[in-house]
>>> print(open('protein09.txt').read())   # compact mmCIF, C-alpha atoms
# COMPACT_ATOMS: atom_id res chain seq x y z
CA MET A 230 -23.18 -7.17 -26.58
CA ALA A 231 -24.98 -8.74 -23.64
CA ARG A 232 -23.91 -7.67 -20.20
CA LEU A 233 -22.22 -10.40 -18.17
CA ARG A 234 -24.02 -11.66 -15.11
CA SER A 235 -22.43 -10.09 -12.03
CA PRO A 236 -20.75 -12.49 -9.57
CA PHE A 237 -21.44 -10.02 -6.78
CA ASP A 238 -24.37 -9.75 -4.42
CA PRO A 239 -26.56 -6.95 -5.87
CA ALA A 240 -26.94 -5.54 -2.38
CA THR A 241 -23.23 -4.77 -2.17
CA VAL A 242 -22.35 -3.78 -5.74
CA GLY A 243 -21.68 -0.06 -5.86
CA SER A 244 -20.84 0.07 -2.15
CA ALA A 245 -17.39 0.42 -0.62
CA THR A 246 -17.40 -3.34 -0.02
CA SER A 247 -16.90 -4.17 -3.71
CA VAL A 248 -13.92 -3.12 -5.81
CA ALA A 249 -12.75 -3.88 -9.35
CA VAL A 250 -8.98 -4.02 -9.86
CA ILE A 251 -7.75 -3.68 -13.44
CA GLY A 252 -4.19 -4.90 -13.88
CA LEU A 253 -3.01 -7.90 -11.88
CA GLY A 254 0.72 -7.31 -11.75
CA ARG A 255 2.58 -7.14 -8.45
CA PHE A 256 0.84 -3.96 -7.28
CA GLY A 257 -2.64 -4.93 -8.45
CA THR A 258 -2.36 -8.46 -7.06
CA ALA A 259 -1.12 -7.26 -3.67
CA LEU A 260 -3.92 -4.69 -3.54
CA ALA A 261 -6.61 -7.19 -4.55
CA LEU A 262 -5.50 -9.85 -2.06
CA GLU A 263 -5.28 -7.32 0.77
CA LEU A 264 -8.81 -6.12 0.00
CA MET A 265 -10.04 -9.70 0.03
CA ALA A 266 -8.31 -10.34 3.36
CA HIS A 267 -10.35 -7.52 4.86
CA GLY A 268 -13.71 -8.72 3.58
CA THR A 269 -13.99 -6.71 0.36
CA GLU A 270 -15.42 -8.39 -2.73
CA VAL A 271 -12.91 -8.03 -5.56
CA LEU A 272 -13.26 -8.43 -9.30
CA GLY A 273 -9.83 -8.79 -10.91
CA ILE A 274 -9.29 -8.00 -14.60
CA ASP A 275 -6.18 -8.48 -16.72
CA SER A 276 -5.36 -9.08 -20.37
CA ASP A 277 -2.86 -11.79 -19.36
CA ALA A 278 -4.69 -15.11 -19.03
CA ASP A 279 -1.89 -16.56 -16.88
CA ALA A 280 -2.20 -13.71 -14.35
CA VAL A 281 -5.94 -14.29 -14.21
CA GLN A 282 -5.50 -18.04 -13.77
CA ASP A 283 -3.07 -17.51 -10.88
CA LEU A 284 -5.77 -15.62 -8.97
CA ASN A 285 -8.67 -17.87 -9.86
CA GLY A 286 -10.37 -18.86 -6.61
CA ARG A 287 -8.43 -16.28 -4.60
CA LEU A 288 -10.58 -13.32 -5.63
CA THR A 289 -14.36 -13.09 -5.78
CA ALA A 290 -14.12 -13.23 -9.57
CA VAL A 291 -11.41 -12.84 -12.22
CA VAL A 292 -11.80 -12.00 -15.89
CA ALA A 293 -9.31 -12.10 -18.77
CA GLY A 294 -9.89 -9.21 -21.13
CA ASP A 295 -8.72 -5.89 -22.54
CA ALA A 296 -10.10 -3.12 -20.34
CA THR A 297 -9.22 -0.48 -22.93
CA LYS A 298 -12.22 -1.79 -24.87
CA PRO A 299 -15.51 -0.12 -23.89
CA GLU A 300 -17.37 -3.37 -24.61
CA LEU A 301 -15.65 -5.17 -21.74
CA ILE A 302 -16.27 -2.35 -19.28
CA GLU A 303 -19.95 -2.32 -20.20
CA GLN A 304 -20.24 -6.13 -20.09
CA LEU A 305 -18.78 -6.26 -16.59
CA GLY A 306 -20.98 -3.45 -15.34
CA LEU A 307 -18.05 -1.51 -13.93
CA ALA A 308 -20.18 1.65 -13.81
CA ASP A 309 -22.03 0.00 -10.92
CA PHE A 310 -18.89 -0.16 -8.77
CA ASP A 311 -18.15 2.67 -6.39
CA ARG A 312 -14.43 1.84 -6.54
CA VAL A 313 -12.44 0.84 -9.60
CA VAL A 314 -8.64 0.73 -9.39
CA VAL A 315 -6.54 1.00 -12.54
CA ALA A 316 -3.37 -0.81 -11.47
CA ILE A 317 -1.89 -1.17 -14.96
CA GLY A 318 1.89 -0.91 -14.73
CA SER A 319 4.29 0.00 -17.51
CA ASP A 320 1.78 0.41 -20.35
CA VAL A 321 0.91 4.08 -19.86
CA THR A 322 -1.28 4.19 -22.98
CA ALA A 323 -3.40 1.29 -21.74
CA SER A 324 -3.70 2.95 -18.35
CA ILE A 325 -4.90 6.22 -19.84
CA LEU A 326 -7.33 4.57 -22.29
CA THR A 327 -8.81 2.36 -19.56
CA THR A 328 -9.18 5.27 -17.17
CA SER A 329 -10.83 7.37 -19.84
CA GLN A 330 -13.36 4.61 -20.56
CA LEU A 331 -14.19 4.23 -16.86
CA LEU A 332 -14.82 7.94 -16.49
CA ARG A 333 -16.91 7.95 -19.66
CA VAL A 334 -19.31 5.32 -18.31
CA GLY A 335 -19.63 7.18 -15.02
CA VAL A 336 -17.65 5.15 -12.48
CA LYS A 337 -18.12 7.07 -9.24
CA GLN A 338 -14.60 6.70 -7.87
CA VAL A 339 -11.57 5.85 -9.96
CA TRP A 340 -8.19 5.17 -8.37
CA ALA A 341 -5.26 4.95 -10.77
CA LYS A 342 -1.60 4.03 -10.47
CA ALA A 343 0.86 6.43 -12.08
CA VAL A 344 4.39 5.42 -13.03
CA ASP A 345 5.80 8.96 -13.11
CA GLU A 346 4.86 12.64 -12.72
CA ARG A 347 3.76 13.08 -16.35
CA HIS A 348 1.50 10.04 -16.14
CA ALA A 349 0.06 11.37 -12.86
CA LEU A 350 -0.60 14.77 -14.43
CA ILE A 351 -2.49 13.25 -17.37
CA LEU A 352 -4.63 11.14 -15.01
CA GLN A 353 -5.43 14.19 -12.91
CA GLN A 354 -6.34 16.18 -16.04
CA LEU A 355 -8.71 13.38 -17.06
CA GLY A 356 -10.50 13.86 -13.76
CA VAL A 357 -9.19 10.93 -11.69
CA GLN A 358 -9.98 11.62 -8.04
CA HIS A 359 -7.20 9.45 -6.58
CA VAL A 360 -3.80 9.10 -8.27
CA VAL A 361 -1.27 6.89 -6.48
CA ARG A 362 2.44 6.56 -7.18
CA PRO A 363 3.54 3.52 -5.16
CA GLU A 364 7.29 3.79 -5.71
CA ALA A 365 7.44 7.55 -5.19
CA ASP A 366 5.15 7.39 -2.16
CA MET A 367 7.15 4.56 -0.61
CA GLY A 368 10.40 6.39 -1.30
CA ARG A 369 9.16 9.50 0.52
CA ARG A 370 7.85 7.39 3.40
CA VAL A 371 11.15 5.55 3.86
CA ALA A 372 13.11 8.81 3.56
CA HIS A 373 11.19 10.29 6.49
CA MET A 374 11.76 7.12 8.53
CA VAL A 375 15.50 7.13 7.70
CA ARG A 376 15.82 10.83 8.63
CA GLY A 377 14.16 10.50 12.02
CA ALA A 378 13.45 8.09 14.83
CA LEU A 379 10.13 6.91 13.45
CA ALA A 380 8.63 3.43 13.62
CA GLU A 381 6.15 4.41 10.90
CA PHE A 382 5.40 7.42 8.70
CA ILE A 383 2.14 8.06 6.84
CA GLU A 384 1.59 11.21 4.79
CA VAL A 385 -2.12 11.92 5.20
CA GLU A 386 -1.84 14.61 2.54
CA PRO A 387 1.01 16.87 1.42
CA GLY A 388 2.27 18.73 4.44
CA TYR A 389 0.41 16.72 7.09
CA ALA A 390 1.54 13.39 8.53
CA ALA A 391 0.91 10.76 11.16
CA VAL A 392 3.86 8.94 12.69
CA LEU A 393 4.59 6.23 15.23
CA LEU A 394 7.43 6.85 17.64
CA GLU A 395 8.57 5.78 21.07
CA ALA A 396 7.51 8.07 23.93
CA PRO A 397 10.17 10.65 24.90
CA LEU A 398 11.60 9.74 28.29
CA ASP A 399 11.36 13.27 29.67
CA LEU A 400 7.59 13.29 29.07
CA LEU A 401 6.83 10.14 31.05
CA GLY A 402 4.37 10.22 33.94
CA VAL A 403 2.89 13.65 33.19
CA PRO A 404 -0.83 14.00 32.27
CA LEU A 405 -1.26 14.90 28.62
CA ARG A 406 -3.17 18.06 29.57
CA GLU A 407 -0.06 19.39 31.34
CA LEU A 408 2.37 18.64 28.52
CA GLY A 409 0.93 21.24 26.15
CA LEU A 410 2.21 19.41 23.09
CA GLN A 411 0.00 21.31 20.66
CA VAL A 412 1.21 24.67 21.96
CA LYS A 413 4.88 23.73 22.47
CA HIS A 414 5.42 21.40 19.52
CA GLY A 415 2.43 21.85 17.21
CA VAL A 416 1.48 18.15 17.31
CA GLY A 417 -1.37 16.06 18.65
CA ILE A 418 -1.45 12.56 20.15
CA GLY A 419 -4.14 10.33 18.67
CA ALA A 420 -3.48 7.15 20.61
CA VAL A 421 -0.85 5.15 22.50
CA LYS A 422 0.14 1.53 21.92
CA ARG A 423 1.02 -0.12 25.22
CA GLU A 424 1.83 -3.81 25.65
CA GLY A 425 0.21 -4.65 22.32
CA SER A 426 -3.03 -2.74 22.88
CA TRP A 427 -4.12 0.69 21.65
CA ILE A 428 -5.33 3.32 24.10
CA LEU A 429 -7.15 6.40 22.80
CA SER A 430 -5.62 9.57 24.15
CA THR A 431 -7.36 11.61 26.86
CA ILE A 432 -6.21 14.69 28.73
CA GLU A 433 -5.39 12.48 31.73
CA LEU A 434 -3.29 9.97 29.79
CA ARG A 435 0.28 9.56 31.09
CA PHE A 436 3.03 8.13 28.89
CA GLU A 437 4.94 5.09 30.16
CA ARG A 438 8.35 3.75 29.15
CA GLY A 439 8.06 1.74 25.94
CA ASP A 440 4.82 3.37 24.80
CA LEU A 441 4.44 3.90 21.04
CA LEU A 442 2.77 7.23 20.31
CA LEU A 443 0.57 7.96 17.30
CA VAL A 444 1.57 11.56 16.65
CA HIS A 445 -0.09 13.73 14.01
CA GLY A 446 0.44 17.24 12.71
CA PRO A 447 2.29 19.25 10.05
CA THR A 448 5.09 17.12 8.62
CA GLY A 449 7.88 19.42 9.80
CA LYS A 450 6.42 19.58 13.30
CA VAL A 451 6.11 15.83 13.73
CA GLU A 452 9.65 15.30 12.42
CA ALA A 453 10.98 17.90 14.87
CA PHE A 454 9.07 16.17 17.69
CA ALA A 455 10.55 12.82 16.61
CA THR A 456 14.05 14.30 16.71
CA MET A 457 13.39 15.65 20.19
CA ALA A 458 12.13 12.22 21.29
CA ALA A 459 15.27 10.53 19.94
CA LYS A 460 17.54 12.96 21.78
CA SER A 461 15.57 12.34 24.96
CA ARG A 462 16.32 8.62 24.69
CA GLU A 463 20.01 9.26 23.91
CA ARG A 464 20.38 11.31 27.09
CA ALA A 465 18.95 8.48 29.22
>>> encode(input="protein09.txt", output="structure tokens")
Amino acid sequence: MARLRSPFDPATVGSATSVAVIGLGRFGTALALELMAHGTEVLGIDSDADAVQDLNGRLTAVVAGDATKPELIEQLGLADFDRVVVAIGSDVTASILTTSQLLRVGVKQVWAKAVDERHALILQQLGVQHVVRPEADMGRRVAHMVRGALAEFIEVEPGYAAVLLEAPLDLLGVPLRELGLQVKHGVGIGAVKREGSWILSTIELRFERGDLLLVHGPTGKVEAFATMAAKSRERA
């Protein structure tokens, strides 16, 4: 079958500025639109013609088709994309078949959504570099925020996190170099948000009331630091 003419600029296909998203349900649609909002060219693919029609004109290109079929993957030239996201939801078989076809044609980076641990394990065994579990990941994120006094929680990888929290009151006005946070608490400060603007941390930075701190380190350490910060505010 003849390969379809690419709607993308040949200079950008295969770079991180172009992504194919297979599966245009809630997760895939949100992902595709967010990528578009940040200047990424997005090819959306779904077997549901209505889902494709809804996104017509909102993505760089949309195609109705069955991505489990190797013919479609070859026609669309998905092997030329550096990033292909398999965002297929409840149909685990379709997800696995599609992912397998993408890996077979040599897609450089495949990201795939998993609906549960068994699905994730199969995707990892196939050789998927990036397996995401939106509901599980969000559940863990919210759990950490509920447990502590965090404005935001991001797990960089298992066991290491970055969090946003309000500056502890008993640390205000002291240069960062004198606080010894890495030695005393095992955490680092990446930046401070003050009056709507971000300030990169330096050894001379002094925290002010109302500052939001970007704190990073082992998950247990940053949670302990967040608890200490909350107690500091309660004592005030």
>>> closest_residue(input="protein09.txt", among="A:Leu262, A:Val334, A:Val392, A:Ala455", to="Asn285 in chain A", atoms="only C-alpha atoms")
A:Leu262
>>> residues_near_point(input="protein09.txt", point="(-18.9, 8.0, -13.7)", cutoff="10 Å", atoms="only C-alpha atoms", output="ChimeraX atom specification")
/A:307-311,330-339
>>> residues_around(input="protein09.txt", residues="Ile383 in chain A", least_positions_apart="5", cutoff="9 Å", atoms="all atoms listed in the file", output="short mmCIF file (atom, residue, chain, number, x, y, z; two decimals) with C-alpha atoms, in the frame of the given file")
data_model
loop_
_atom_site.label_atom_id
_atom_site.label_comp_id
_atom_site.auth_asym_id
_atom_site.auth_seq_id
_atom_site.Cartn_x
_atom_site.Cartn_y
_atom_site.Cartn_z
CA ARG A 370 7.85 7.39 3.40
CA TYR A 389 0.41 16.72 7.09
CA ALA A 390 1.54 13.39 8.53
CA ALA A 391 0.91 10.76 11.16
CA VAL A 392 3.86 8.94 12.69
CA LEU A 393 4.59 6.23 15.23
#
>>> residues_around(input="protein09.txt", residues="Leu288 in chain A", least_positions_apart="5", cutoff="9 Å", atoms="only C-alpha atoms", output="list in words")
Ala261, Leu262, Met265, Glu270, Val271, Leu272 and Gly273 of chain A
>>> closest_residue(input="protein09.txt", among="A:Gln354, A:Val321, A:Pro404, A:Gly417", to="Glu433 in chain A", atoms="all atoms listed in the file")
A:Pro404
>>> closest_residue(input="protein09.txt", among="A:Asp345, A:Glu452, A:Glu437, A:Glu424", to="Gly388 in chain A", atoms="only C-alpha atoms")
A:Glu452
>>> residues_around(input="protein09.txt", residues="Gly294 in chain A", least_positions_apart="2", cutoff="8 Å", atoms="only C-alpha atoms", output="ChimeraX atom specification")
/A:274-277,292,296,301
>>> write_last_selection(input="protein09.txt", atoms="C-alpha atoms", output="short mmCIF file (atom, residue, chain, number, x, y, z; two decimals), in the frame of the given file")
data_model
loop_
_atom_site.label_atom_id
_atom_site.label_comp_id
_atom_site.auth_asym_id
_atom_site.auth_seq_id
_atom_site.Cartn_x
_atom_site.Cartn_y
_atom_site.Cartn_z
CA ILE A 274 -9.29 -8.00 -14.60
CA ASP A 275 -6.18 -8.48 -16.72
CA SER A 276 -5.36 -9.08 -20.37
CA ASP A 277 -2.86 -11.79 -19.36
CA VAL A 292 -11.80 -12.00 -15.89
CA ALA A 296 -10.10 -3.12 -20.34
CA LEU A 301 -15.65 -5.17 -21.74
#
>>> residues_around(input="protein09.txt", residues="range 405-414 of chain A", least_positions_apart="4", cutoff="7 Å", atoms="only C-alpha atoms", output="VMD selection string")
chain A and resid 432 to 435 450 454
>>> closest_residue(input="protein09.txt", among="A:Leu260, A:Ala458, A:Ile351, A:Leu305", to="Asp399 in chain A", atoms="only C-alpha atoms")
A:Ala458
>>> atom_distance(input="protein09.txt", atom1="CA of Gly356 in chain A", atom2="CA of Lys342 in chain A")
13.7 Å
>>> atom_distance(input="protein09.txt", atom1="CA of Pro387 in chain A", atom2="CA of Gly446 in chain A")
11.3 Å
>>> atom_distance(input="protein09.txt", atom1="CA of Val444 in chain A", atom2="CA of Glu384 in chain A")
11.9 Å
>>> closest_residue(input="protein09.txt", among="A:Asp295, A:Glu346, A:Asp283, A:Glu303", to="Leu326 in chain A", atoms="only C-alpha atoms")
A:Asp295
